[in-house]
Amino acid sequence: MNSLLYEIHNLKQSYEKGRPNLDISELSIERGAVTGIVGPNGCGKSTLLKALAFLIPASGEIIFDGRPAAGREREIRREVTYLLQEPYLLKRSVFENVAYGLRLRGMEKARLDTRVRESLEAVGLAPGEFAPRPWYRLSGGEAQRVALAARLALRPKALLLDEPTANVDEASAQLVMEAAVRAAREHGAAVVVSTHDTAWLYETASKVAGMYGGRIAGGGAENVFRGGWTRCGGLMTRPFPGGQALFAWPGPSARAAALSPSDITVSTEIPPRAEDTNVLRGVVSQLTLERATGRVLLSADVSGCSVKARLSAGDAALSALSPGSEVFLSFSYSALRWL
Ligand SMILES: Nc1ncnc2c1ncn2[C@@H]1O[C@H](COP(=O)(O)OP(=O)(O)O)[C@@H](O)[C@H]1O
Ligand SMILES: [Mg+2]
């Protein structure tokens, strides 16, 4: 079986005539893994998830489950579920909310009862206590977990979560994220999460993609530098507030440039001068172990801007680093890709 659930080429979507809200040349999404989408408000995260759920029309090609999606949207919508940031529940009991989609699919009662129970347990809601509860006796976090349980119950091929932890309490956020990871690991779902909770994403996601202005950075290039690019001789340059600056080769647009954390070399001493290479000085703010890759993701504050770099476990620089350490981040001008 193809390990990719979605293969997307030239996906474009506009709500109104004019500038597209989505303009994605290539994106692939793996089964059995968590893919993260990060980016500022209005960059198109929800629009992308809706397009992946086939809830809004978009031009371009989507290969879903090995075959072109065109003409199969109705059938695919049954295999894909989308969880809104604001959960929507039926005005019925918790049990009925989780059972609803299963009933529509004609599941017989004994299996359905078991599936509802398992799904509630998966989001940390004790079935005995919660199944009979009416929808109005739930906290925001519990309501979000019921909405998630209703989707998990369907064993979807894709689970699309739109800022699922934005409006919930800390404990619910943790349970939502754990359930999402299990849906990927145990049921092979392709889980796509848009979130501002990047610390969690970097620990669990197999890929995190940065988005800006409807475009997505390929190859896991989740550092996005937007605003303030100007031409300077044959180069593009963007200053940071404290006197440092970024350099990049000119490209097709100059709105924002993306950089993969894997393209950055981290050192604790000023590296020797090299041609066409950016060197930024920063202070380590966080070190996170990425479970998916076994590597360490370093976040550094560069003149007020957070830049992420990936180190390998055996990296010599790593043992000398802790939050507060001074670091030098080096990467080639050509590692910056225009969005
Ligand atoms: N229903 C809509 N009609 C018109 N424009 C919309 C609609 N929904 C979103 N947009 C616009 O599309 C862009 C992307 O929005 P959205 O996907 O919601 O971003 P995000 O989820 O990253 O905050 C924004 O410029 C937003 O104003
Ligand atoms: Mg959104």
# chains A, B, ... in the order shown; residues from 1 in each chain; ligands from 1
$ residues_around --residues "region 163-176 of chain A" --least-positions-apart "5" --cutoff "6 Å" --atoms "only C-alpha atoms" --output "ChimeraX atom specification"
/A:85,123,140-141,194-195
$ write_last_selection --atoms "C-alpha atoms" --output "PDB file, in the first residue's frame"
ATOM      1  CA  GLN A  85     -12.061  24.551  16.372  1.00  0.00           C
ATOM      2  CA  VAL A 123     -10.460  10.710  24.717  1.00  0.00           C
ATOM      3  CA  GLY A 140     -15.756  23.229  26.564  1.00  0.00           C
ATOM      4  CA  GLY A 141     -12.928  20.718  26.764  1.00  0.00           C
ATOM      5  CA  SER A 194      -3.264  22.926  12.470  1.00  0.00           C
ATOM      6  CA  THR A 195      -2.134  24.406  15.733  1.00  0.00           C
TER       7      THR A 195
END
$ residues_around --residues "region 14-19 of chain A" --least-positions-apart "5" --cutoff "10 Å" --atoms "only C-alpha atoms" --output "list in words"
Thr47, Ile56, Pro57, Ala58, Ser59, Gly213 and Gly214 of chain A
$ residues_near_ligand --ligand "ligand 1" --cutoff "9 Å" --atoms "only C-alpha atoms and all ligand atoms" --output "list in words"
Ser14, Tyr15, Glu16, Pro20, Asn21, Leu22, Ile37, Val38, Gly39, Pro40, Asn41, Gly42, Cys43, Gly44, Lys45, Ser46, Thr47, Leu48, Leu49, Lys50, Asp162, Glu163, Ser194, Met211, Tyr212, Gly213 and Gly214 of chain A
$ closest_residue --among "A:Val266, A:Ala153, A:Val279, A:Ala217" --to "Gly101 (chain A)" --atoms "only C-alpha atoms"
A:Ala153
$ select_by_dssp --residues "region 24-123 of chain A" --states "strand (DSSP E or B)" --output "PyMOL selection string"
chain A and resi 24-30+33-38+59-64+67-68+80-83+93
$ write_last_selection --atoms "C-alpha atoms" --output "short mmCIF file (atom, residue, chain, number, x, y, z; two decimals), in the first residue's frame"
data_model
loop_
_atom_site.label_atom_id
_atom_site.label_comp_id
_atom_site.auth_asym_id
_atom_site.auth_seq_id
_atom_site.Cartn_x
_atom_site.Cartn_y
_atom_site.Cartn_z
CA ILE A 24 -0.01 24.87 -3.04
CA SER A 25 2.23 23.39 -5.67
CA GLU A 26 3.14 20.13 -3.90
CA LEU A 27 2.06 18.55 -0.65
CA SER A 28 1.93 14.94 0.41
CA ILE A 29 0.41 13.55 3.59
CA GLU A 30 1.43 10.24 5.11
CA ALA A 33 1.57 9.81 11.08
CA VAL A 34 0.84 13.28 12.36
CA THR A 35 1.42 16.15 9.95
CA GLY A 36 1.45 19.64 11.44
CA ILE A 37 0.42 22.89 9.76
CA VAL A 38 1.65 26.08 11.39
CA SER A 59 -8.74 23.35 -8.52
CA GLY A 60 -5.69 21.21 -9.13
CA GLU A 61 -5.08 17.56 -8.52
CA ILE A 62 -5.58 15.56 -5.34
CA ILE A 63 -4.63 11.90 -5.40
CA PHE A 64 -6.42 10.29 -2.47
CA ARG A 67 -6.37 7.36 -7.11
CA PRO A 68 -7.43 10.81 -8.36
CA VAL A 80 -12.28 11.71 6.04
CA THR A 81 -13.33 13.67 9.10
CA TYR A 82 -12.79 17.28 9.97
CA LEU A 83 -12.92 18.62 13.52
CA SER A 93 -26.69 12.69 24.84
#
$ closest_residue --among "A:Gly282, A:Pro156, A:Gly294, A:Pro87" --to "Ser325 (chain A)" --atoms "only C-alpha atoms"
A:Gly282
$ select_by_dssp --residues "region 92-216 of chain A" --states "alpha helix (DSSP H)" --output "ChimeraX atom specification"
/A:94-104,109-122,127-130,140-152,170-187,198-204
$ closest_residue --among "A:Pro252, A:Ala69, A:Glu75, A:Gln286" --to "Trp338 (chain A)" --atoms "only C-alpha atoms"
A:Pro252
$ atom_distance --atom1 "CA of Ser262 (chain A)" --atom2 "CA of Lys308 (chain A)"
8.9 Å
$ decode --residues "region 255-285 of chain A" --atoms "N, CA and C atoms" --output "PDB file, in the first residue's frame"
ATOM      1  N   ARG A 255       7.537  37.725  -0.725  1.00  0.00           N
ATOM      2  CA  ARG A 255       6.642  38.012   0.401  1.00  0.00           C
ATOM      3  C   ARG A 255       7.157  37.373   1.676  1.00  0.00           C
ATOM      4  N   ALA A 256       7.568  36.124   1.555  1.00  0.00           N
ATOM      5  CA  ALA A 256       8.046  35.400   2.725  1.00  0.00           C
ATOM      6  C   ALA A 256       8.957  34.281   2.242  1.00  0.00           C
ATOM      7  N   ALA A 257       9.937  33.954   3.064  1.00  0.00           N
ATOM      8  CA  ALA A 257      10.834  32.861   2.716  1.00  0.00           C
ATOM      9  C   ALA A 257      10.795  31.828   3.826  1.00  0.00           C
ATOM     10  N   ALA A 258      10.890  30.566   3.434  1.00  0.00           N
ATOM     11  CA  ALA A 258      10.813  29.478   4.399  1.00  0.00           C
ATOM     12  C   ALA A 258      12.158  28.779   4.482  1.00  0.00           C
ATOM     13  N   LEU A 259      12.404  28.206   5.645  1.00  0.00           N
ATOM     14  CA  LEU A 259      13.687  27.549   5.881  1.00  0.00           C
ATOM     15  C   LEU A 259      13.462  26.312   6.724  1.00  0.00           C
ATOM     16  N   SER A 260      14.020  25.201   6.294  1.00  0.00           N
ATOM     17  CA  SER A 260      13.868  23.973   7.066  1.00  0.00           C
ATOM     18  C   SER A 260      14.859  23.951   8.224  1.00  0.00           C
ATOM     19  N   PRO A 261      14.400  23.522   9.399  1.00  0.00           N
ATOM     20  CA  PRO A 261      15.314  23.402  10.545  1.00  0.00           C
ATOM     21  C   PRO A 261      16.465  22.445  10.253  1.00  0.00           C
ATOM     22  N   SER A 262      16.259  21.527   9.291  1.00  0.00           N
ATOM     23  CA  SER A 262      17.326  20.582   8.967  1.00  0.00           C
ATOM     24  C   SER A 262      18.423  21.213   8.130  1.00  0.00           C
ATOM     25  N   ASP A 263      18.163  22.389   7.566  1.00  0.00           N
ATOM     26  CA  ASP A 263      19.167  23.053   6.729  1.00  0.00           C
ATOM     27  C   ASP A 263      20.075  23.978   7.529  1.00  0.00           C
ATOM     28  N   ILE A 264      19.870  24.004   8.840  1.00  0.00           N
ATOM     29  CA  ILE A 264      20.654  24.915   9.681  1.00  0.00           C
ATOM     30  C   ILE A 264      21.731  24.136  10.428  1.00  0.00           C
ATOM     31  N   THR A 265      22.930  24.662  10.418  1.00  0.00           N
ATOM     32  CA  THR A 265      24.015  24.081  11.212  1.00  0.00           C
ATOM     33  C   THR A 265      24.167  24.929  12.469  1.00  0.00           C
ATOM     34  N   VAL A 266      24.221  24.251  13.603  1.00  0.00           N
ATOM     35  CA  VAL A 266      24.302  24.972  14.881  1.00  0.00           C
ATOM     36  C   VAL A 266      25.716  24.844  15.429  1.00  0.00           C
ATOM     37  N   SER A 267      26.292  25.965  15.865  1.00  0.00           N
ATOM     38  CA  SER A 267      27.587  25.872  16.539  1.00  0.00           C
ATOM     39  C   SER A 267      27.600  26.801  17.732  1.00  0.00           C
ATOM     40  N   THR A 268      28.496  26.525  18.641  1.00  0.00           N
ATOM     41  CA  THR A 268      28.543  27.341  19.852  1.00  0.00           C
ATOM     42  C   THR A 268      29.617  28.422  19.746  1.00  0.00           C
ATOM     43  N   GLU A 269      30.423  28.352  18.684  1.00  0.00           N
ATOM     44  CA  GLU A 269      31.400  29.418  18.461  1.00  0.00           C
ATOM     45  C   GLU A 269      31.191  29.981  17.073  1.00  0.00           C
ATOM     46  N   ILE A 270      31.639  31.225  16.861  1.00  0.00           N
ATOM     47  CA  ILE A 270      31.445  31.861  15.552  1.00  0.00           C
ATOM     48  C   ILE A 270      32.072  30.977  14.479  1.00  0.00           C
ATOM     49  N   PRO A 271      31.279  30.532  13.511  1.00  0.00           N
ATOM     50  CA  PRO A 271      31.855  29.649  12.490  1.00  0.00           C
ATOM     51  C   PRO A 271      32.786  30.417  11.551  1.00  0.00           C
ATOM     52  N   PRO A 272      33.731  29.735  10.908  1.00  0.00           N
ATOM     53  CA  PRO A 272      34.601  30.415   9.961  1.00  0.00           C
ATOM     54  C   PRO A 272      33.775  31.025   8.829  1.00  0.00           C
ATOM     55  N   ARG A 273      34.237  32.139   8.301  1.00  0.00           N
ATOM     56  CA  ARG A 273      33.487  32.823   7.231  1.00  0.00           C
ATOM     57  C   ARG A 273      33.332  31.902   6.029  1.00  0.00           C
ATOM     58  N   ALA A 274      32.158  31.840   5.488  1.00  0.00           N
ATOM     59  CA  ALA A 274      31.937  31.045   4.282  1.00  0.00           C
ATOM     60  C   ALA A 274      31.091  31.868   3.328  1.00  0.00           C
ATOM     61  N   GLU A 275      31.324  31.674   2.046  1.00  0.00           N
ATOM     62  CA  GLU A 275      30.610  32.464   1.041  1.00  0.00           C
ATOM     63  C   GLU A 275      29.130  32.087   0.976  1.00  0.00           C
ATOM     64  N   ASP A 276      28.271  33.037   0.685  1.00  0.00           N
ATOM     65  CA  ASP A 276      26.838  32.803   0.470  1.00  0.00           C
ATOM     66  C   ASP A 276      26.186  32.067   1.639  1.00  0.00           C
ATOM     67  N   THR A 277      26.654  32.366   2.830  1.00  0.00           N
ATOM     68  CA  THR A 277      26.105  31.689   4.019  1.00  0.00           C
ATOM     69  C   THR A 277      25.641  32.732   5.027  1.00  0.00           C
ATOM     70  N   ASN A 278      24.420  32.541   5.512  1.00  0.00           N
ATOM     71  CA  ASN A 278      23.918  33.378   6.603  1.00  0.00           C
ATOM     72  C   ASN A 278      24.461  32.841   7.923  1.00  0.00           C
ATOM     73  N   VAL A 279      24.861  33.755   8.790  1.00  0.00           N
ATOM     74  CA  VAL A 279      25.190  33.341  10.157  1.00  0.00           C
ATOM     75  C   VAL A 279      24.386  34.256  11.089  1.00  0.00           C
ATOM     76  N   LEU A 280      23.518  33.647  11.889  1.00  0.00           N
ATOM     77  CA  LEU A 280      22.714  34.424  12.830  1.00  0.00           C
ATOM     78  C   LEU A 280      23.111  34.058  14.241  1.00  0.00           C
ATOM     79  N   ARG A 281      23.191  35.076  15.089  1.00  0.00           N
ATOM     80  CA  ARG A 281      23.493  34.812  16.486  1.00  0.00           C
ATOM     81  C   ARG A 281      22.176  34.739  17.255  1.00  0.00           C
ATOM     82  N   GLY A 282      22.024  33.750  18.101  1.00  0.00           N
ATOM     83  CA  GLY A 282      20.779  33.632  18.863  1.00  0.00           C
ATOM     84  C   GLY A 282      21.033  33.064  20.240  1.00  0.00           C
ATOM     85  N   VAL A 283      19.946  33.002  21.008  1.00  0.00           N
ATOM     86  CA  VAL A 283      20.023  32.440  22.358  1.00  0.00           C
ATOM     87  C   VAL A 283      19.023  31.290  22.421  1.00  0.00           C
ATOM     88  N   VAL A 284      19.473  30.137  22.890  1.00  0.00           N
ATOM     89  CA  VAL A 284      18.600  28.958  22.943  1.00  0.00           C
ATOM     90  C   VAL A 284      17.439  29.218  23.889  1.00  0.00           C
ATOM     91  N   SER A 285      16.200  29.001  23.394  1.00  0.00           N
ATOM     92  CA  SER A 285      15.049  29.157  24.286  1.00  0.00           C
ATOM     93  C   SER A 285      14.474  27.805  24.666  1.00  0.00           C
TER      94      SER A 285
END
